[in-house]
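Engineer: Just one file: coords03.cif, with mmCIF, C-alpha atoms and all ligand atoms.
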data_start
loop_
_atom_site.group_PDB
_atom_site.id
_atom_site.type_symbol
_atom_site.label_atom_id
_atom_site.label_comp_id
_atom_site.auth_asym_id
_atom_site.auth_seq_id
_atom_site.Cartn_x
_atom_site.Cartn_y
_atom_site.Cartn_z
ATOM 1 C CA PHE B 1 41.019 57.570 24.267
ATOM 2 C CA PRO B 2 41.104 58.172 20.512
ATOM 3 C CA PRO B 3 39.479 61.515 19.594
ATOM 4 C CA CYS B 4 35.914 60.746 18.512
ATOM 5 C CA THR B 5 35.658 62.352 15.077
ATOM 6 C CA PRO B 6 38.925 60.999 13.602
ATOM 7 C CA TYR B 7 38.215 57.660 15.291
ATOM 8 C CA GLY B 8 34.848 57.490 13.513
ATOM 9 C CA VAL B 9 36.471 58.385 10.186
ATOM 10 C CA GLN B 10 39.025 55.617 10.705
ATOM 11 C CA LEU B 11 36.222 53.115 11.275
ATOM 12 C CA LEU B 12 34.409 54.323 8.135
ATOM 13 C CA LEU B 13 37.607 53.796 6.137
ATOM 14 C CA ASP B 14 38.014 50.320 7.644
ATOM 15 C CA THR B 15 34.498 49.357 6.544
ATOM 16 C CA THR B 16 35.420 50.082 2.905
ATOM 17 C CA GLY B 17 38.009 47.295 3.209
ATOM 18 C CA THR B 18 40.777 49.708 2.199
ATOM 19 C CA ASP B 19 44.249 49.255 3.630
ATOM 20 C CA VAL B 20 45.399 52.837 4.160
ATOM 21 C CA ALA B 21 49.102 51.864 4.270
ATOM 22 C CA GLY B 22 50.877 53.519 1.351
ATOM 23 C CA GLN B 23 47.784 55.425 0.218
ATOM 24 C CA ASN B 24 47.950 59.147 -0.520
ATOM 25 C CA VAL B 25 45.729 60.710 2.118
ATOM 26 C CA VAL B 26 45.002 64.434 1.992
ATOM 27 C CA VAL B 27 43.419 66.007 5.072
ATOM 28 C CA VAL B 28 41.978 69.488 4.501
ATOM 29 C CA GLY B 29 41.771 71.344 7.820
ATOM 30 C CA ALA B 30 44.381 71.231 10.575
ATOM 31 C CA SER B 31 42.423 71.852 13.772
ATOM 32 C CA ASN B 32 43.404 70.267 17.067
ATOM 33 C CA ILE B 33 40.152 68.286 17.306
ATOM 34 C CA VAL B 34 39.902 66.943 13.748
ATOM 35 C CA GLY B 35 42.631 67.581 11.184
ATOM 36 C CA LYS B 36 45.793 67.124 13.256
ATOM 37 C CA PRO B 37 44.734 63.945 15.123
ATOM 38 C CA MET B 38 43.296 62.557 11.877
ATOM 39 C CA ALA B 39 46.614 63.063 10.100
ATOM 40 C CA LEU B 40 48.546 61.449 12.964
ATOM 41 C CA MET B 41 46.221 58.435 13.183
ATOM 42 C CA LEU B 42 46.610 57.738 9.464
ATOM 43 C CA LEU B 43 50.369 58.332 9.565
ATOM 44 C CA GLN B 44 50.457 55.756 12.349
ATOM 45 C CA ARG B 45 48.825 53.372 9.877
ATOM 46 C CA GLU B 46 51.555 54.107 7.341
ATOM 47 C CA ALA B 47 49.548 56.278 4.941
ATOM 48 C CA THR B 48 51.343 59.079 3.091
ATOM 49 C CA VAL B 49 49.627 62.062 4.654
ATOM 50 C CA THR B 50 49.368 65.656 3.432
ATOM 51 C CA LEU B 51 47.814 68.129 5.843
ATOM 52 C CA CYS B 52 46.316 71.243 4.193
ATOM 53 C CA HIS B 53 44.932 74.364 5.867
ATOM 54 C CA ALA B 54 43.756 77.896 5.164
ATOM 55 C CA LYS B 55 47.250 79.056 4.170
ATOM 56 C CA THR B 56 47.828 76.171 1.752
ATOM 57 C CA ARG B 57 48.549 77.511 -1.737
ATOM 58 C CA ASP B 58 46.633 75.910 -4.630
ATOM 59 C CA LEU B 59 44.573 73.432 -2.596
ATOM 60 C CA ALA B 60 43.476 71.535 -5.713
ATOM 61 C CA GLN B 61 47.081 70.655 -6.532
ATOM 62 C CA HIS B 62 47.104 68.565 -3.351
ATOM 63 C CA THR B 63 43.536 67.209 -3.302
ATOM 64 C CA ILE B 64 43.730 65.874 -6.861
ATOM 65 C CA LEU B 65 46.459 63.435 -5.756
ATOM 66 C CA ALA B 66 44.401 61.995 -2.890
ATOM 67 C CA ASP B 67 43.387 58.345 -2.879
ATOM 68 C CA ILE B 68 41.590 59.277 0.332
ATOM 69 C CA LEU B 69 40.383 62.856 0.801
ATOM 70 C CA ILE B 70 39.212 63.943 4.250
ATOM 71 C CA VAL B 71 37.757 67.432 4.486
ATOM 72 C CA ALA B 72 37.239 69.311 7.755
ATOM 73 C CA ALA B 73 37.472 73.016 6.971
ATOM 74 C CA GLY B 74 33.982 74.318 7.712
ATOM 75 C CA LYS B 75 33.638 75.881 4.237
ATOM 76 C CA PRO B 76 30.562 74.851 2.230
ATOM 77 C CA GLY B 77 31.323 73.994 -1.398
ATOM 78 C CA LEU B 78 35.098 74.016 -0.831
ATOM 79 C CA ILE B 79 35.677 70.734 -2.671
ATOM 80 C CA VAL B 80 34.320 70.536 -6.236
ATOM 81 C CA PRO B 81 34.636 67.609 -8.684
ATOM 82 C CA GLN B 82 37.671 69.051 -10.523
ATOM 83 C CA MET B 83 39.634 68.789 -7.281
ATOM 84 C CA VAL B 84 38.962 65.065 -6.808
ATOM 85 C CA LYS B 85 40.761 62.077 -8.321
ATOM 86 C CA GLN B 86 38.564 59.512 -10.098
ATOM 87 C CA GLY B 87 37.773 56.675 -7.657
ATOM 88 C CA ALA B 88 38.905 58.521 -4.529
ATOM 89 C CA ILE B 89 37.354 57.881 -1.129
ATOM 90 C CA VAL B 90 35.908 61.199 0.073
ATOM 91 C CA ILE B 91 35.066 61.765 3.738
ATOM 92 C CA ASP B 92 33.248 65.025 4.469
ATOM 93 C CA VAL B 93 33.593 66.073 8.113
ATOM 94 C CA GLY B 94 32.257 69.610 7.602
ATOM 95 C CA ILE B 95 28.946 70.712 9.076
ATOM 96 C CA ASN B 96 27.713 74.087 7.798
ATOM 97 C CA ARG B 97 24.325 75.745 8.140
ATOM 98 C CA LEU B 98 23.392 77.774 5.043
ATOM 99 C CA PRO B 99 21.308 80.991 5.308
ATOM 100 C CA ASP B 100 18.191 79.003 4.284
ATOM 101 C CA GLY B 101 18.764 76.651 7.251
ATOM 102 C CA LYS B 102 19.987 73.712 5.188
ATOM 103 C CA ILE B 103 22.886 71.674 6.645
ATOM 104 C CA VAL B 104 25.686 70.875 4.191
ATOM 105 C CA GLY B 105 29.272 69.660 4.349
ATOM 106 C CA ASP B 106 32.415 71.062 2.748
ATOM 107 C CA VAL B 107 32.115 68.878 -0.351
ATOM 108 C CA ASP B 108 29.854 69.419 -3.364
ATOM 109 C CA PHE B 109 28.218 66.038 -2.732
ATOM 110 C CA GLU B 110 26.118 65.830 -5.913
ATOM 111 C CA GLY B 111 29.071 66.611 -8.179
ATOM 112 C CA VAL B 112 31.792 64.705 -6.335
ATOM 113 C CA LYS B 113 29.740 61.510 -5.902
ATOM 114 C CA GLU B 114 30.098 60.944 -9.662
ATOM 115 C CA LYS B 115 33.887 60.614 -9.257
ATOM 116 C CA ALA B 116 34.266 59.100 -5.793
ATOM 117 C CA SER B 117 34.297 55.362 -5.107
ATOM 118 C CA TRP B 118 32.955 56.084 -1.604
ATOM 119 C CA ILE B 119 31.605 59.338 -0.209
ATOM 120 C CA THR B 120 29.943 60.322 3.070
ATOM 121 C CA PRO B 121 26.794 62.481 3.079
ATOM 122 C CA VAL B 122 26.116 65.471 5.328
ATOM 123 C CA PRO B 123 24.066 65.140 7.423
ATOM 124 C CA GLY B 124 24.168 61.416 8.190
ATOM 125 C CA GLY B 125 27.828 60.558 7.640
ATOM 126 C CA VAL B 126 30.657 61.470 9.989
ATOM 127 C CA GLY B 127 28.376 63.196 12.542
ATOM 128 C CA PRO B 128 26.595 60.035 13.745
ATOM 129 C CA MET B 129 29.956 58.228 13.757
ATOM 130 C CA THR B 130 31.353 60.868 16.117
ATOM 131 C CA VAL B 131 28.449 60.262 18.491
ATOM 132 C CA THR B 132 28.943 56.504 18.229
ATOM 133 C CA MET B 133 32.645 56.722 19.041
ATOM 134 C CA LEU B 134 31.904 59.020 21.966
ATOM 135 C CA ILE B 135 29.608 56.320 23.337
ATOM 136 C CA GLU B 136 32.299 53.693 22.749
ATOM 137 C CA ASN B 137 34.916 55.785 24.552
ATOM 138 C CA THR B 138 32.489 56.365 27.423
ATOM 139 C CA LEU B 139 31.801 52.645 27.703
ATOM 140 C CA ARG B 140 35.512 51.828 27.635
ATOM 141 C CA SER B 141 36.106 54.429 30.315
ATOM 142 C CA ALA B 142 33.401 52.904 32.520
ATOM 143 C CA GLU B 143 34.805 49.410 31.970
ATOM 144 C CA ARG B 144 38.305 50.627 32.819
ATOM 145 C CA ALA B 145 37.077 52.364 35.974
ATOM 146 C CA LEU B 146 35.251 49.221 37.056
ATOM 147 C CA ARG B 147 38.355 47.141 36.442
ATOM 148 C CA MET B 148 40.483 49.603 38.410
ATOM 149 C CA ARG B 149 38.239 49.084 41.397
ATOM 150 C CA GLN B 150 38.533 45.294 41.084
ATOM 151 C CA THR B 151 42.265 44.860 40.595
ATOM 152 C CA ASP B 152 45.576 46.333 41.620
ATOM 153 C CA ASP B 153 47.379 45.549 38.370
ATOM 154 C CA TYR B 154 44.983 47.526 36.174
ATOM 155 C CA GLN B 155 47.862 49.282 34.387
ATOM 156 C CA ASP B 156 48.453 46.166 32.285
ATOM 157 C CA TRP B 157 44.785 45.781 31.484
ATOM 158 C CA GLU B 158 43.318 46.875 28.144
ATOM 159 C CA ALA B 159 39.564 47.365 27.780
ATOM 160 C CA PRO B 160 38.026 45.509 24.836
ATOM 161 C CA VAL B 161 37.311 47.697 21.808
ATOM 162 C CA LEU B 162 33.821 47.364 20.390
ATOM 163 C CA LYS B 163 33.990 46.295 16.769
ATOM 164 C CA GLY B 164 31.461 47.238 14.121
ATOM 165 C CA ALA B 165 29.824 49.899 16.291
HETATM 166 P P1 LIG B 201 38.349 74.870 12.817
HETATM 167 O O1 LIG B 201 37.704 76.157 12.404
HETATM 168 O O2 LIG B 201 38.933 74.736 14.176
HETATM 169 O O3 LIG B 201 39.500 74.513 11.773
HETATM 170 C C1 LIG B 201 39.284 74.645 10.409
HETATM 171 C C2 LIG B 201 40.528 74.244 9.662
HETATM 172 O O4 LIG B 201 40.258 74.354 8.276
HETATM 173 C C3 LIG B 201 41.738 75.151 9.963
HETATM 174 O O5 LIG B 201 42.907 74.356 10.039
HETATM 175 C C4 LIG B 201 41.796 76.060 8.744
HETATM 176 O O6 LIG B 201 43.123 76.478 8.454
HETATM 177 C C5 LIG B 201 41.245 75.142 7.659
HETATM 178 N N1 LIG B 201 40.631 75.883 6.556
HETATM 179 C C6 LIG B 201 39.731 76.878 6.632
HETATM 180 N N2 LIG B 201 39.434 77.342 5.402
HETATM 181 C C7 LIG B 201 40.173 76.609 4.535
HETATM 182 C C8 LIG B 201 40.313 76.620 3.135
HETATM 183 N N3 LIG B 201 39.642 77.490 2.355
HETATM 184 N N4 LIG B 201 41.171 75.746 2.565
HETATM 185 C C9 LIG B 201 41.862 74.863 3.337
HETATM 186 N N5 LIG B 201 41.759 74.805 4.675
HETATM 187 C C10 LIG B 201 40.930 75.683 5.271
HETATM 188 O O7 LIG B 201 37.240 73.775 12.544
HETATM 189 P P2 LIG B 201 37.021 72.262 13.125
HETATM 190 O O8 LIG B 201 36.612 72.333 14.528
HETATM 191 O O9 LIG B 201 38.160 71.377 12.730
HETATM 192 O O10 LIG B 201 35.748 71.862 12.255
HETATM 193 C C11 LIG B 201 35.822 71.845 10.843
HETATM 194 C C12 LIG B 201 34.468 71.503 10.290
HETATM 195 O O11 LIG B 201 34.132 70.174 10.720
HETATM 196 C C13 LIG B 201 33.322 72.392 10.784
HETATM 197 O O12 LIG B 201 32.367 72.493 9.736
HETATM 198 C C14 LIG B 201 32.753 71.623 11.946
HETATM 199 O O13 LIG B 201 31.392 71.940 12.176
HETATM 200 C C15 LIG B 201 32.910 70.217 11.455
HETATM 201 N N6 LIG B 201 33.000 69.194 12.493
HETATM 202 C C16 LIG B 201 32.255 68.101 12.328
HETATM 203 C C17 LIG B 201 32.319 67.083 13.226
HETATM 204 C C18 LIG B 201 31.503 65.849 12.992
HETATM 205 O O14 LIG B 201 31.310 65.067 13.889
HETATM 206 N N7 LIG B 201 31.037 65.638 11.756
HETATM 207 C C19 LIG B 201 33.164 67.183 14.347
HETATM 208 C C20 LIG B 201 33.952 68.313 14.494
HETATM 209 C C21 LIG B 201 33.863 69.322 13.543
#
Represent the structure contained in this file as structure tokens.
Structural biologist:
Amino acid sequence: FPPCTPYGVQLLLDTTGTDVAGQNVVVVGASNIVGKPMALMLLQREATVTLCHAKTRDLAQHTILADILIVAAGKPGLIVPQMVKQGAIVIDVGINRLPDGKIVGDVDFEGVKEKASWITPVPGGVGPMTVTMLIENTLRSAERALRMRQTDDYQDWEAPVLKGA
């Protein structure tokens, strides 16, 4: 099953109508659950992928080149407008609780939205997509299990993927 958070990001990108092939994609954050699978999924779709992390020197030098910028570092305010290319698609995966209780992402949403062609809010962006893709994966799993009980040649069978979830 595709990992839920990157899977949801992929669907968000698809809904913009953007073909990621050949695009400069910069992923900030290289965790096993978000950054690494995200980078691999987009590489699979023939994007030119740069994967940044806490040891990356001069982060802005990379982010400014991104046609698509995906941020999953867990650092509020990490991405400011000067680090973003005009017209970029910006996907904010980060979820951070500030001392006053407010939930924010890793991107300065108010500033960066002036430069981005598309941008996801936090809360209400990638988080609900993760939940949605978890439900889709669960449904596919149940369908596959049902099919396995009904047929011997289940190895050749592919469960239908829900579109537009
Ligand atoms: P993690 O702590 O496992 O990994 C963080 C990554 O960011 C690491 O690779 C680290 O090197 C990198 N990083 C940290 N500081 C950096 C910096 N200053 N510059 C560049 N890279 C830096 O975190 P995770 O589990 O991948 O989660 C990341 C964020 O995404 C968190 O805020 C988490 O809550 C959020 N998250 C959201 C969803 C969702 O559904 N929206 C799902 C998973 C995680």
Engineer: Please write as a list in words the full residue list that the PyMOL selection byres (((not hetatm)) within 6 of (chain B and resi 201)) yields on this file.
Structural biologist: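 Against this file, the PyMOL selection byres (((not hetatm)) within 6 of (chain B and resi 201)) returns the residues Thr5, Val28, Gly29, Ala30, Ser31, Ile33, Val34, Cys52, His53, Ala54, Ala72, Ala73, Gly74, Val93, Gly94, Ile95, Asn96, Val126, Gly127 and Thr130 of chain B.
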Engineer: Quick one: residues within 10 Å of Gln10 (chain B), all atoms listed in the file counted, chain neighbours fewer than 6 positions away excluded, as a PDB file with C-alpha atoms, in the frame of the given file?
Structural biologist:
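Saved to part39.pdb:
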ATOM      1  CA  CYS B   4      35.914  60.746  18.512  1.00  0.00           C
ATOM      2  CA  VAL B  20      45.399  52.837   4.160  1.00  0.00           C
ATOM      3  CA  MET B  38      43.296  62.557  11.877  1.00  0.00           C
ATOM      4  CA  MET B  41      46.221  58.435  13.183  1.00  0.00           C
ATOM      5  CA  LEU B  42      46.610  57.738   9.464  1.00  0.00           C
ATOM      6  CA  MET B 129      29.956  58.228  13.757  1.00  0.00           C
TER       7      MET B 129
END
Engineer: Distance CA of Leu51 (chain B)-CA of Val90 (chain B), one decimal place?
Structural biologist: 14.9 Å
Engineer: Could you list, as a list of chain:residue names, every residue matched by the PyMOL selection byres (((chain B and resi 83) around 6) and not hetatm) in this structure?
Structural biologist: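 Residues picked by the PyMOL selection byres (((chain B and resi 83) around 6) and not hetatm): B:Ala60, B:Thr63, B:Ile64, B:Val80, B:Pro81, B:Gln82, B:Val84.
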Engineer: Do you have the CA of Glu136 (chain B)-CA of Leu12 (chain B) distance handy?
Structural biologist: 14.8 Å
